[in-house]
Each structure stands twice: as C-alpha cells, then as structure tokens.
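Below is one structure, written out as structure tokens; the observations come after it.
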Protein chains: 2
Amino acid sequence: MKHISPKQQAMLAFIEEFVTEHGYPPTYEEIRVGMKLSTKSLVDYHLTALEEAGKIQRDPATPRGLRLPNANTYSVPFIGVIGASLPTTTFTDVAAEALTLTRDIVPEQDGLFALKVRGTSMIDAMVNDGDVVVMKRQSIAKDGDMVAARLIDRDEMTLKYFYREPGRVRLQPANPRLGPIYTHPANIEIQGRVVAVIRQVH
Amino acid sequence: MKHISPKQQAMLAFIEEFVTEHGYPPTYEEIRVGMKLSTKSLVDYHLTALEEAGKIQRDPATPRGLRLPNANTYSVPFIGVIGASLPTTTFTDVAAEALTLTRDIVPEQDGLFALKVRGTSMIDAMVNDGDVVVMKRQSIAKDGDMVAARLIDRDEMTLKYFYREPGRVRLQPANPRLGPIYTHPANIEIQGRVVAVIRQVH
DNA sequence: CAACCAATAGAACGAGCGTTCTAAAACTCC
DNA sequence: GGAGTTTTAGAACGCTCGTTCTATTGGTTG
C-alpha cells in the first residue's frame, strides 16, 4: 500500500461525507468545488493515488463511479430463534430475513449469522430475552471463546465461555458471580461462536 | 402516499440491491437492463411513481442521482466512557468518534449517543465491561425505561429500569434474580434512556 | 363502445462528466 | 543549484445519461 498525502486523506474524508449525505458519490467537479481545488485533473490525480493505495475503487467512464471498499455496512442472515424450551435446536434452517450490521459493531467475516434469543435461560451469559446474538458458524472452539453449545444429555442449548481442561470441559458463565458447568467433551456439540450481542431496549 | 405497483416494488428492490453491491445508485439504462425493460422512458415512468410515493428521491439532471430515504445506516457520536469508578460522570463531553448504526439495530432518532462501559459495576443490568450502550439524551423517564441515573448521595452512575412509586423511586435491575434499589426522587439525576446495548465478544 | 388511466415504445437533444494531453510550478534530495 | 518527483493548470474530446416529446397498446369502468 502506497503513501497517502494529507490532502488525499482529506479528499477521502470528503467523499465519505458526501456519500453519507447524498446517498451517492460525488463527481470530479463536486470534489473540486468541495476541496477548493482549481482543476478536475487535480482531482483525478489524487483519486489515482487513492486508488493505487486501495482506499477507493473506480469504475472507468462511469459518472459517480466511486466505490469505498471500507463501506461500513453488510448483511448477515437472520436464521431464527434460540431458546431453552426448544430442544435440540441445530439452527441449520433456511434464512428468513437479514440483519444489517456495520463494521463498527462486527468486522465482516465468513459464516456469520444472527439469532434471536427467546426466554431467559441464557441470562447467566448476560444474554436476555429478546436479545440478538451474532454468531460465527464453527464446530470447534478455542479456550475463552463464547460458544453456543448443546449439552447432549440435558438436550439444552446454552451460551457460555468455553475452556478445555484435563478430562473435561468447563463452561463458564459470563457473569462472574455464577459458577461454571463441567462436563465430558463428548457431551458437547458446539454450534458456533458468539461474536456480538445486540439488545434493543423497548 | 400513492399506490405502488408490483413492478415498481421490484424496481425499488433492484435499486437497493444495486446500491449495496456497487456503492452507488444505478443509471436509468442500468435499471432498464436489470429489469428487462425496453425503454429508459419506462424507467423514468416508474421512478416518477416511486418518487411520488416517497420511496425514493431524485436530484434532477444528475447521473445516478437517486437517493433511498430509508437508507439503513447513520452515525451517533461516541461520547466517552461510563463506569462506577468515575464519580459524577455527566457525559456532556466533546464527541471523539462516531459509531455507525443501522436502523435494524436502533431506529434513528434525535439525541442519540453512545458510551463505552468500563468495569463490571453494571453487571446487574446485564451490561458488562466493554459493552457499548446507545442512549437517548433525556432528563425525565417513563415507568419501565432503562435509564442511566446518578445516585446523588452515593455519587455513582447506574443502569436500571425506572419505576415511580408513591414517595419513592424504584430502580430495578434487568436481571430478575436481583432486587431493586429504592431511593428518593430528589436523589436521582437521570442522564438518558438506554435504547440499545451492543457487546462485541473478543 | 367511449372515456380514462396505466403501461409501453422510440428517438433525439443537450448538459453532465470522466478522460487525456501538455505544460509549468513547487518541493525534495543530494 | 540541478535533477527528479510531486502537485498544479487549463482545455478539449467524446461518451454518458437524465430529460422530454410524441405515439401506441392494454386494461378498467360506467
């Protein structure tokens, strides 16, 4: 990635602001006026630098054909509901809707999906009724991951921090006041790793 | 708001999809190809209907001059940190950064701001260290609101559900296992109402 | 069937806009 | 101070694209 001058940084900021304000990118002329430059070729010059630095993309010969690769929004499938009363919820169901997220909240990555929490069974994990959990689909976990795991003998789904210990697995609630659950590694089926929890109050 | 035909609904969906894919709105010609129409004037015809219905806005004579008023993203100021160890945090400070949200998470409204939670003092409210709370600035609360309130005698900030009772105020933790706090109405200073909590796990 | 509105067709005008070329000024580095 | 890089200037070409005008078809209603 190449060097970026302060003026080019300012131009990038101007474009971002313009996009959020207008809903579409500026033309070269609009950038020229906004940046108080004297010529469109100057705009092209700096945009070329920004493009080579990977900060923007341009579609040739298309008006307002600017793209901000770091655009802040993307969508994940809203797969369904997770809750204690639902036995054996292996949520591989079809996607119904989509949840739009921003990179401020969750960095974009493969295998993300969202679930709505029904019931207060996961309150130990500081996840309440009505919360939305954003998860990354994976069947193995590292120590310290917060995972959605199914306890096979109890046939219930739970959100806990995952720790491997000699001969057993420790599932630690997020709330430090509450004690852990210990179980056999074979008694656990990991559905995914929690990457974010979103709670809408009222 | 006027009537919208199925074809116009489809055109709106096409535009939304185009914008999320390209980062800028389509031209009339691109809509024509994408919708398999025969003429640009047909595009104009339907866009006029969509504009009159308030579904889109158009800037005259500007290429790709389409605006989606229901665009999904907006920003709120990131004001700072809230935590128990900080006495009298009346967070009227300057905004440092911004947090980009989507309407899926919080409907846009005036007076929103975001705070980072430092420490575990609000764990009773199911808000943990590192969480981000999105708040609406207001000094009075309705029964059932989750508010950020300062207990003047203890000089501490807390997140609780707010209930007015005869002669006193009840502050109820979100975790139903924990009991409420009762205090004088004069002992409370409401800073704002919590509208969302966002937790990034790792 | 007449009247009316929604939808479809086609073409052409003209301003909008990215692109390119040439040239000069300003700045940096030995 | 000279060579090389970065930044600034200006203008012209030509495709892009919104707009407008006119005309036709289909569907609905009384």
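In the structure tokens, each chain is lettered A, B, ... as it comes, each chain's residues begin at 1, and ligands are numbered from 1 in order of appearance.
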
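The chain D residues that come within 12 Å of chain A are DT6, DT7, DT8, DA9, DG10, DA11, DG14, DC15, DT16 and DC17 of chain D, with only C-alpha atoms (C1' of nucleotides) taken into account.
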
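Residue neighbourhood of A:Leu68, excluding near-sequence residues (fewer than 6 positions): Leu12, Ala13, Phe14, Ile15, Glu16, Glu17, Phe18, Val19, Thr20, Tyr24, Pro25, Pro26, Leu47, Leu50, Glu51, Gly54, Lys55, Ile56, Gln57, Arg58 and Asp59 of chain A; Val19, Thr20, Glu21, His22, Gly23 and Tyr24 of chain B, at 12 Å, using only C-alpha atoms (C1' of nucleotides).
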
Superposed chain A (on chain B, all in-order C-alpha pairs) as a PDB file with C-alpha atoms, in the first residue's frame:
```pdb
ATOM      1  CA  MET A   1     -48.460   8.199   0.157  1.00  0.00           C
ATOM      2  CA  LYS A   2     -49.543   6.820  -3.159  1.00  0.00           C
ATOM      3  CA  HIS A   3     -50.095   3.353  -4.398  1.00  0.00           C
ATOM      4  CA  ILE A   4     -47.140   1.231  -5.483  1.00  0.00           C
ATOM      5  CA  SER A   5     -47.364  -1.486  -8.077  1.00  0.00           C
ATOM      6  CA  PRO A   6     -45.496  -4.789  -7.708  1.00  0.00           C
ATOM      7  CA  LYS A   7     -43.225  -3.848 -10.578  1.00  0.00           C
ATOM      8  CA  GLN A   8     -42.299  -0.632  -8.829  1.00  0.00           C
ATOM      9  CA  GLN A   9     -41.648  -2.573  -5.650  1.00  0.00           C
ATOM     10  CA  ALA A  10     -39.341  -4.843  -7.607  1.00  0.00           C
ATOM     11  CA  MET A  11     -37.579  -1.844  -9.092  1.00  0.00           C
ATOM     12  CA  LEU A  12     -37.007  -0.434  -5.632  1.00  0.00           C
ATOM     13  CA  ALA A  13     -35.524  -3.728  -4.525  1.00  0.00           C
ATOM     14  CA  PHE A  14     -33.303  -3.792  -7.597  1.00  0.00           C
ATOM     15  CA  ILE A  15     -31.997  -0.320  -6.826  1.00  0.00           C
ATOM     16  CA  GLU A  16     -31.263  -1.228  -3.231  1.00  0.00           C
ATOM     17  CA  GLU A  17     -29.400  -4.329  -4.325  1.00  0.00           C
ATOM     18  CA  PHE A  18     -27.479  -2.387  -6.936  1.00  0.00           C
ATOM     19  CA  VAL A  19     -26.416   0.222  -4.420  1.00  0.00           C
ATOM     20  CA  THR A  20     -25.161  -2.288  -1.889  1.00  0.00           C
ATOM     21  CA  GLU A  21     -23.282  -4.117  -4.617  1.00  0.00           C
ATOM     22  CA  HIS A  22     -21.746  -1.190  -6.468  1.00  0.00           C
ATOM     23  CA  GLY A  23     -21.606   1.570  -3.912  1.00  0.00           C
ATOM     24  CA  TYR A  24     -23.498   3.941  -6.182  1.00  0.00           C
ATOM     25  CA  PRO A  25     -27.006   4.003  -7.644  1.00  0.00           C
ATOM     26  CA  PRO A  26     -27.797   2.635 -11.124  1.00  0.00           C
ATOM     27  CA  THR A  27     -28.489   4.670 -14.234  1.00  0.00           C
ATOM     28  CA  TYR A  28     -31.820   4.466 -16.009  1.00  0.00           C
ATOM     29  CA  GLU A  29     -30.248   2.223 -18.609  1.00  0.00           C
ATOM     30  CA  GLU A  30     -28.852  -0.129 -16.000  1.00  0.00           C
ATOM     31  CA  ILE A  31     -32.252  -0.342 -14.364  1.00  0.00           C
ATOM     32  CA  ARG A  32     -33.804  -1.043 -17.757  1.00  0.00           C
ATOM     33  CA  VAL A  33     -31.454  -3.942 -18.406  1.00  0.00           C
ATOM     34  CA  GLY A  34     -31.723  -5.255 -14.869  1.00  0.00           C
ATOM     35  CA  MET A  35     -35.505  -5.191 -14.906  1.00  0.00           C
ATOM     36  CA  LYS A  36     -35.713  -6.436 -18.498  1.00  0.00           C
ATOM     37  CA  LEU A  37     -37.703  -3.446 -19.618  1.00  0.00           C
ATOM     38  CA  SER A  38     -37.782  -2.222 -23.190  1.00  0.00           C
ATOM     39  CA  THR A  39     -37.320   1.509 -22.740  1.00  0.00           C
ATOM     40  CA  LYS A  40     -35.734   4.061 -20.507  1.00  0.00           C
ATOM     41  CA  SER A  41     -38.943   6.030 -20.462  1.00  0.00           C
ATOM     42  CA  LEU A  42     -40.521   3.105 -18.698  1.00  0.00           C
ATOM     43  CA  VAL A  43     -37.883   3.400 -16.041  1.00  0.00           C
ATOM     44  CA  ASP A  44     -38.601   7.086 -15.713  1.00  0.00           C
ATOM     45  CA  TYR A  45     -42.280   6.356 -15.474  1.00  0.00           C
ATOM     46  CA  HIS A  46     -41.893   3.966 -12.589  1.00  0.00           C
ATOM     47  CA  LEU A  47     -39.270   6.079 -10.867  1.00  0.00           C
ATOM     48  CA  THR A  48     -41.667   8.980 -10.955  1.00  0.00           C
ATOM     49  CA  ALA A  49     -44.236   6.825  -9.223  1.00  0.00           C
ATOM     50  CA  LEU A  50     -41.672   5.758  -6.632  1.00  0.00           C
ATOM     51  CA  GLU A  51     -40.671   9.347  -6.063  1.00  0.00           C
ATOM     52  CA  GLU A  52     -44.256  10.471  -5.596  1.00  0.00           C
ATOM     53  CA  ALA A  53     -44.686   7.659  -3.115  1.00  0.00           C
ATOM     54  CA  GLY A  54     -41.681   8.951  -1.195  1.00  0.00           C
ATOM     55  CA  LYS A  55     -39.735   5.747  -1.688  1.00  0.00           C
ATOM     56  CA  ILE A  56     -36.874   7.444  -3.487  1.00  0.00           C
ATOM     57  CA  GLN A  57     -35.597  10.937  -4.136  1.00  0.00           C
ATOM     58  CA  ARG A  58     -34.144  12.146  -7.412  1.00  0.00           C
ATOM     59  CA  ASP A  59     -31.756  14.963  -8.079  1.00  0.00           C
ATOM     60  CA  PRO A  60     -32.700  16.325 -11.500  1.00  0.00           C
ATOM     61  CA  ALA A  61     -30.277  15.996 -14.359  1.00  0.00           C
ATOM     62  CA  THR A  62     -27.638  14.199 -12.344  1.00  0.00           C
ATOM     63  CA  PRO A  63     -26.465  10.792 -13.472  1.00  0.00           C
ATOM     64  CA  ARG A  64     -27.101   8.150 -10.812  1.00  0.00           C
ATOM     65  CA  GLY A  65     -28.855  10.899  -8.903  1.00  0.00           C
ATOM     66  CA  LEU A  66     -31.025   8.514  -6.919  1.00  0.00           C
ATOM     67  CA  ARG A  67     -31.352   8.648  -3.191  1.00  0.00           C
ATOM     68  CA  LEU A  68     -32.890   6.044  -0.914  1.00  0.00           C
ATOM     69  CA  PRO A  69     -34.360   7.972   2.020  1.00  0.00           C
ATOM     70  CA  ASN A  70     -34.537   4.733   3.971  1.00  0.00           C
ATOM     71  CA  ALA A  71     -30.815   4.230   3.633  1.00  0.00           C
ATOM     72  CA  ASN A  72     -29.875   2.083   6.479  1.00  0.00           C
ATOM     73  CA  THR A  73     -26.963   3.800   8.124  1.00  0.00           C
ATOM     74  CA  TYR A  74     -26.308   6.850  10.263  1.00  0.00           C
ATOM     75  CA  SER A  75     -23.837   7.928  12.929  1.00  0.00           C
ATOM     76  CA  VAL A  76     -24.052   8.905  16.559  1.00  0.00           C
ATOM     77  CA  PRO A  77     -21.327  10.615  18.580  1.00  0.00           C
ATOM     78  CA  PHE A  78     -19.166   8.440  20.766  1.00  0.00           C
ATOM     79  CA  ILE A  79     -19.062  10.550  23.877  1.00  0.00           C
ATOM     80  CA  GLY A  80     -16.891   8.571  26.209  1.00  0.00           C
ATOM     81  CA  VAL A  81     -16.850   6.103  29.026  1.00  0.00           C
ATOM     82  CA  ILE A  82     -19.251   5.294  31.801  1.00  0.00           C
ATOM     83  CA  GLY A  83     -18.199   3.267  34.826  1.00  0.00           C
ATOM     84  CA  ALA A  84     -18.645   2.886  38.543  1.00  0.00           C
ATOM     85  CA  SER A  85     -15.195   4.051  39.514  1.00  0.00           C
ATOM     86  CA  LEU A  86     -15.736   7.369  37.782  1.00  0.00           C
ATOM     87  CA  PRO A  87     -17.569   9.627  40.177  1.00  0.00           C
ATOM     88  CA  THR A  88     -20.225  11.996  38.864  1.00  0.00           C
ATOM     89  CA  THR A  89     -19.799  11.264  35.217  1.00  0.00           C
ATOM     90  CA  THR A  90     -22.156  13.736  33.631  1.00  0.00           C
ATOM     91  CA  PHE A  91     -21.007  12.897  30.174  1.00  0.00           C
ATOM     92  CA  THR A  92     -21.564  16.238  28.489  1.00  0.00           C
ATOM     93  CA  ASP A  93     -18.078  16.106  27.098  1.00  0.00           C
ATOM     94  CA  VAL A  94     -17.031  16.698  23.571  1.00  0.00           C
ATOM     95  CA  ALA A  95     -17.491  14.011  21.005  1.00  0.00           C
ATOM     96  CA  ALA A  96     -14.351  12.194  20.055  1.00  0.00           C
ATOM     97  CA  GLU A  97     -15.434   9.657  17.465  1.00  0.00           C
ATOM     98  CA  ALA A  98     -18.600   8.427  15.894  1.00  0.00           C
ATOM     99  CA  LEU A  99     -20.358   5.096  15.937  1.00  0.00           C
ATOM    100  CA  THR A 100     -22.126   4.061  12.776  1.00  0.00           C
ATOM    101  CA  LEU A 101     -25.418   2.312  13.360  1.00  0.00           C
ATOM    102  CA  THR A 102     -28.130   0.882  11.166  1.00  0.00           C
ATOM    103  CA  ARG A 103     -31.841   1.351  11.483  1.00  0.00           C
ATOM    104  CA  ASP A 104     -32.084  -2.387  11.988  1.00  0.00           C
ATOM    105  CA  ILE A 105     -30.376  -1.856  15.315  1.00  0.00           C
ATOM    106  CA  VAL A 106     -31.681   1.500  16.469  1.00  0.00           C
ATOM    107  CA  PRO A 107     -34.279   3.635  14.682  1.00  0.00           C
ATOM    108  CA  GLU A 108     -32.789   7.034  14.002  1.00  0.00           C
ATOM    109  CA  GLN A 109     -33.838   9.767  16.432  1.00  0.00           C
ATOM    110  CA  ASP A 110     -32.540  12.988  17.890  1.00  0.00           C
ATOM    111  CA  GLY A 111     -30.307  13.120  20.929  1.00  0.00           C
ATOM    112  CA  LEU A 112     -28.642   9.756  20.497  1.00  0.00           C
ATOM    113  CA  PHE A 113     -25.122   9.137  21.744  1.00  0.00           C
ATOM    114  CA  ALA A 114     -22.950   6.191  22.622  1.00  0.00           C
ATOM    115  CA  LEU A 115     -20.905   5.288  25.662  1.00  0.00           C
ATOM    116  CA  LYS A 116     -18.405   2.595  26.362  1.00  0.00           C
ATOM    117  CA  VAL A 117     -18.889   0.762  29.637  1.00  0.00           C
ATOM    118  CA  ARG A 118     -15.815   0.388  31.802  1.00  0.00           C
ATOM    119  CA  GLY A 119     -15.952  -2.119  34.643  1.00  0.00           C
ATOM    120  CA  THR A 120     -18.502  -4.667  35.778  1.00  0.00           C
ATOM    121  CA  SER A 121     -20.539  -2.391  37.999  1.00  0.00           C
ATOM    122  CA  MET A 122     -23.574  -2.585  35.726  1.00  0.00           C
ATOM    123  CA  ILE A 123     -23.612  -6.295  35.401  1.00  0.00           C
ATOM    124  CA  ASP A 124     -26.942  -6.322  37.236  1.00  0.00           C
ATOM    125  CA  ALA A 125     -28.347  -4.506  34.251  1.00  0.00           C
ATOM    126  CA  MET A 126     -26.884  -7.191  31.991  1.00  0.00           C
ATOM    127  CA  VAL A 127     -24.315  -4.718  30.793  1.00  0.00           C
ATOM    128  CA  ASN A 128     -20.761  -5.921  31.003  1.00  0.00           C
ATOM    129  CA  ASP A 129     -17.307  -4.445  30.810  1.00  0.00           C
ATOM    130  CA  GLY A 130     -16.570  -3.330  27.256  1.00  0.00           C
ATOM    131  CA  ASP A 131     -20.184  -3.082  26.157  1.00  0.00           C
ATOM    132  CA  VAL A 132     -21.373  -0.084  24.199  1.00  0.00           C
ATOM    133  CA  VAL A 133     -24.627   1.506  25.240  1.00  0.00           C
ATOM    134  CA  VAL A 134     -26.572   3.703  22.882  1.00  0.00           C
ATOM    135  CA  MET A 135     -28.561   6.291  24.783  1.00  0.00           C
ATOM    136  CA  LYS A 136     -31.053   9.031  24.125  1.00  0.00           C
ATOM    137  CA  ARG A 137     -30.408  12.196  26.044  1.00  0.00           C
ATOM    138  CA  GLN A 138     -33.317  13.042  28.350  1.00  0.00           C
ATOM    139  CA  SER A 139     -33.673  14.126  31.962  1.00  0.00           C
ATOM    140  CA  ILE A 140     -37.063  12.632  32.718  1.00  0.00           C
ATOM    141  CA  ALA A 141     -38.087   9.022  32.369  1.00  0.00           C
ATOM    142  CA  LYS A 142     -41.276   7.092  31.956  1.00  0.00           C
ATOM    143  CA  ASP A 143     -42.064   4.023  33.993  1.00  0.00           C
ATOM    144  CA  GLY A 144     -40.277   1.043  32.511  1.00  0.00           C
ATOM    145  CA  ASP A 145     -37.530   3.013  30.795  1.00  0.00           C
ATOM    146  CA  MET A 146     -34.026   1.750  31.211  1.00  0.00           C
ATOM    147  CA  VAL A 147     -32.121   4.820  32.323  1.00  0.00           C
ATOM    148  CA  ALA A 148     -28.641   5.893  33.199  1.00  0.00           C
ATOM    149  CA  ALA A 149     -29.153   7.523  36.562  1.00  0.00           C
ATOM    150  CA  ARG A 150     -26.861   9.035  39.117  1.00  0.00           C
ATOM    151  CA  LEU A 151     -27.560   8.251  42.765  1.00  0.00           C
ATOM    152  CA  ILE A 152     -26.552  11.525  44.330  1.00  0.00           C
ATOM    153  CA  ASP A 153     -25.857  10.296  47.846  1.00  0.00           C
ATOM    154  CA  ARG A 154     -23.649   7.419  46.682  1.00  0.00           C
ATOM    155  CA  ASP A 155     -22.329   9.481  43.808  1.00  0.00           C
ATOM    156  CA  GLU A 156     -22.457   6.545  41.421  1.00  0.00           C
ATOM    157  CA  MET A 157     -23.876   5.945  37.972  1.00  0.00           C
ATOM    158  CA  THR A 158     -26.117   2.978  37.322  1.00  0.00           C
ATOM    159  CA  LEU A 159     -28.233   1.450  34.579  1.00  0.00           C
ATOM    160  CA  LYS A 160     -31.619   0.303  35.786  1.00  0.00           C
ATOM    161  CA  TYR A 161     -35.257   0.137  34.850  1.00  0.00           C
ATOM    162  CA  PHE A 162     -37.069   3.135  36.215  1.00  0.00           C
ATOM    163  CA  TYR A 163     -40.394   2.990  38.102  1.00  0.00           C
ATOM    164  CA  ARG A 164     -42.117   5.780  39.976  1.00  0.00           C
ATOM    165  CA  GLU A 165     -43.848   4.623  43.140  1.00  0.00           C
ATOM    166  CA  PRO A 166     -45.666   6.553  45.869  1.00  0.00           C
ATOM    167  CA  GLY A 167     -43.052   8.609  47.671  1.00  0.00           C
ATOM    168  CA  ARG A 168     -40.097   6.817  46.142  1.00  0.00           C
ATOM    169  CA  VAL A 169     -38.460   5.611  42.974  1.00  0.00           C
ATOM    170  CA  ARG A 170     -37.765   1.966  42.231  1.00  0.00           C
ATOM    171  CA  LEU A 171     -34.693   1.083  40.187  1.00  0.00           C
ATOM    172  CA  GLN A 172     -35.049  -2.434  38.925  1.00  0.00           C
ATOM    173  CA  PRO A 173     -32.102  -4.418  37.552  1.00  0.00           C
ATOM    174  CA  ALA A 174     -32.587  -6.131  34.247  1.00  0.00           C
ATOM    175  CA  ASN A 175     -31.655  -9.434  35.762  1.00  0.00           C
ATOM    176  CA  PRO A 176     -34.834 -10.708  37.432  1.00  0.00           C
ATOM    177  CA  ARG A 177     -32.829 -12.607  40.001  1.00  0.00           C
ATOM    178  CA  LEU A 178     -31.669  -9.375  41.578  1.00  0.00           C
ATOM    179  CA  GLY A 179     -33.695  -7.092  43.792  1.00  0.00           C
ATOM    180  CA  PRO A 180     -34.522  -3.445  43.198  1.00  0.00           C
ATOM    181  CA  ILE A 181     -33.089  -0.302  44.725  1.00  0.00           C
ATOM    182  CA  TYR A 182     -35.452   2.170  46.347  1.00  0.00           C
ATOM    183  CA  THR A 183     -34.568   5.817  46.817  1.00  0.00           C
ATOM    184  CA  HIS A 184     -35.990   9.327  47.031  1.00  0.00           C
ATOM    185  CA  PRO A 185     -36.902  10.988  43.742  1.00  0.00           C
ATOM    186  CA  ALA A 186     -34.704  13.912  44.708  1.00  0.00           C
ATOM    187  CA  ASN A 187     -31.716  11.622  45.076  1.00  0.00           C
ATOM    188  CA  ILE A 188     -31.768  10.743  41.391  1.00  0.00           C
ATOM    189  CA  GLU A 189     -30.421  12.522  38.389  1.00  0.00           C
ATOM    190  CA  ILE A 190     -31.416  10.971  35.097  1.00  0.00           C
ATOM    191  CA  GLN A 191     -28.844  11.311  32.350  1.00  0.00           C
ATOM    192  CA  GLY A 192     -30.550   9.509  29.535  1.00  0.00           C
ATOM    193  CA  ARG A 193     -32.502   6.512  28.409  1.00  0.00           C
ATOM    194  CA  VAL A 194     -30.833   3.383  27.087  1.00  0.00           C
ATOM    195  CA  VAL A 195     -32.108   2.432  23.665  1.00  0.00           C
ATOM    196  CA  ALA A 196     -29.618  -0.298  22.797  1.00  0.00           C
ATOM    197  CA  VAL A 197     -26.714  -2.289  24.122  1.00  0.00           C
ATOM    198  CA  ILE A 198     -24.029  -3.632  21.831  1.00  0.00           C
ATOM    199  CA  ARG A 199     -21.508  -6.185  22.962  1.00  0.00           C
ATOM    200  CA  GLN A 200     -18.546  -7.200  20.855  1.00  0.00           C
ATOM    201  CA  VAL A 201     -17.224 -10.548  21.981  1.00  0.00           C
ATOM    202  CA  HIS A 202     -13.450 -10.539  21.551  1.00  0.00           C
TER     203      HIS A 202
END
```

> Can you list, as JSON, numbers by chain, every residue of stretch 23-192 of chain B that DSSP puts in helix (DSSP H, G or I)?
Replying inline: {"B": [28, 29, 30, 31, 32, 33, 34, 35, 40, 41, 42, 43, 44, 45, 46, 47, 48, 49, 50, 51, 52, 123, 124, 125, 185, 186, 187]}

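Of the listed residues (C:DG16, C:DA3, C:DA23, C:DC29), C:DG16 comes nearest to chain A; the distances count only C-alpha atoms (C1' of nucleotides).
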
> From the set C:DC17, C:DT22, C:DC27, C:DC4, which residue has the shortest atom-to-atom contact distance to chain A, counting only C-alpha atoms (C1' of nucleotides)?
Replying inline: C:DC17
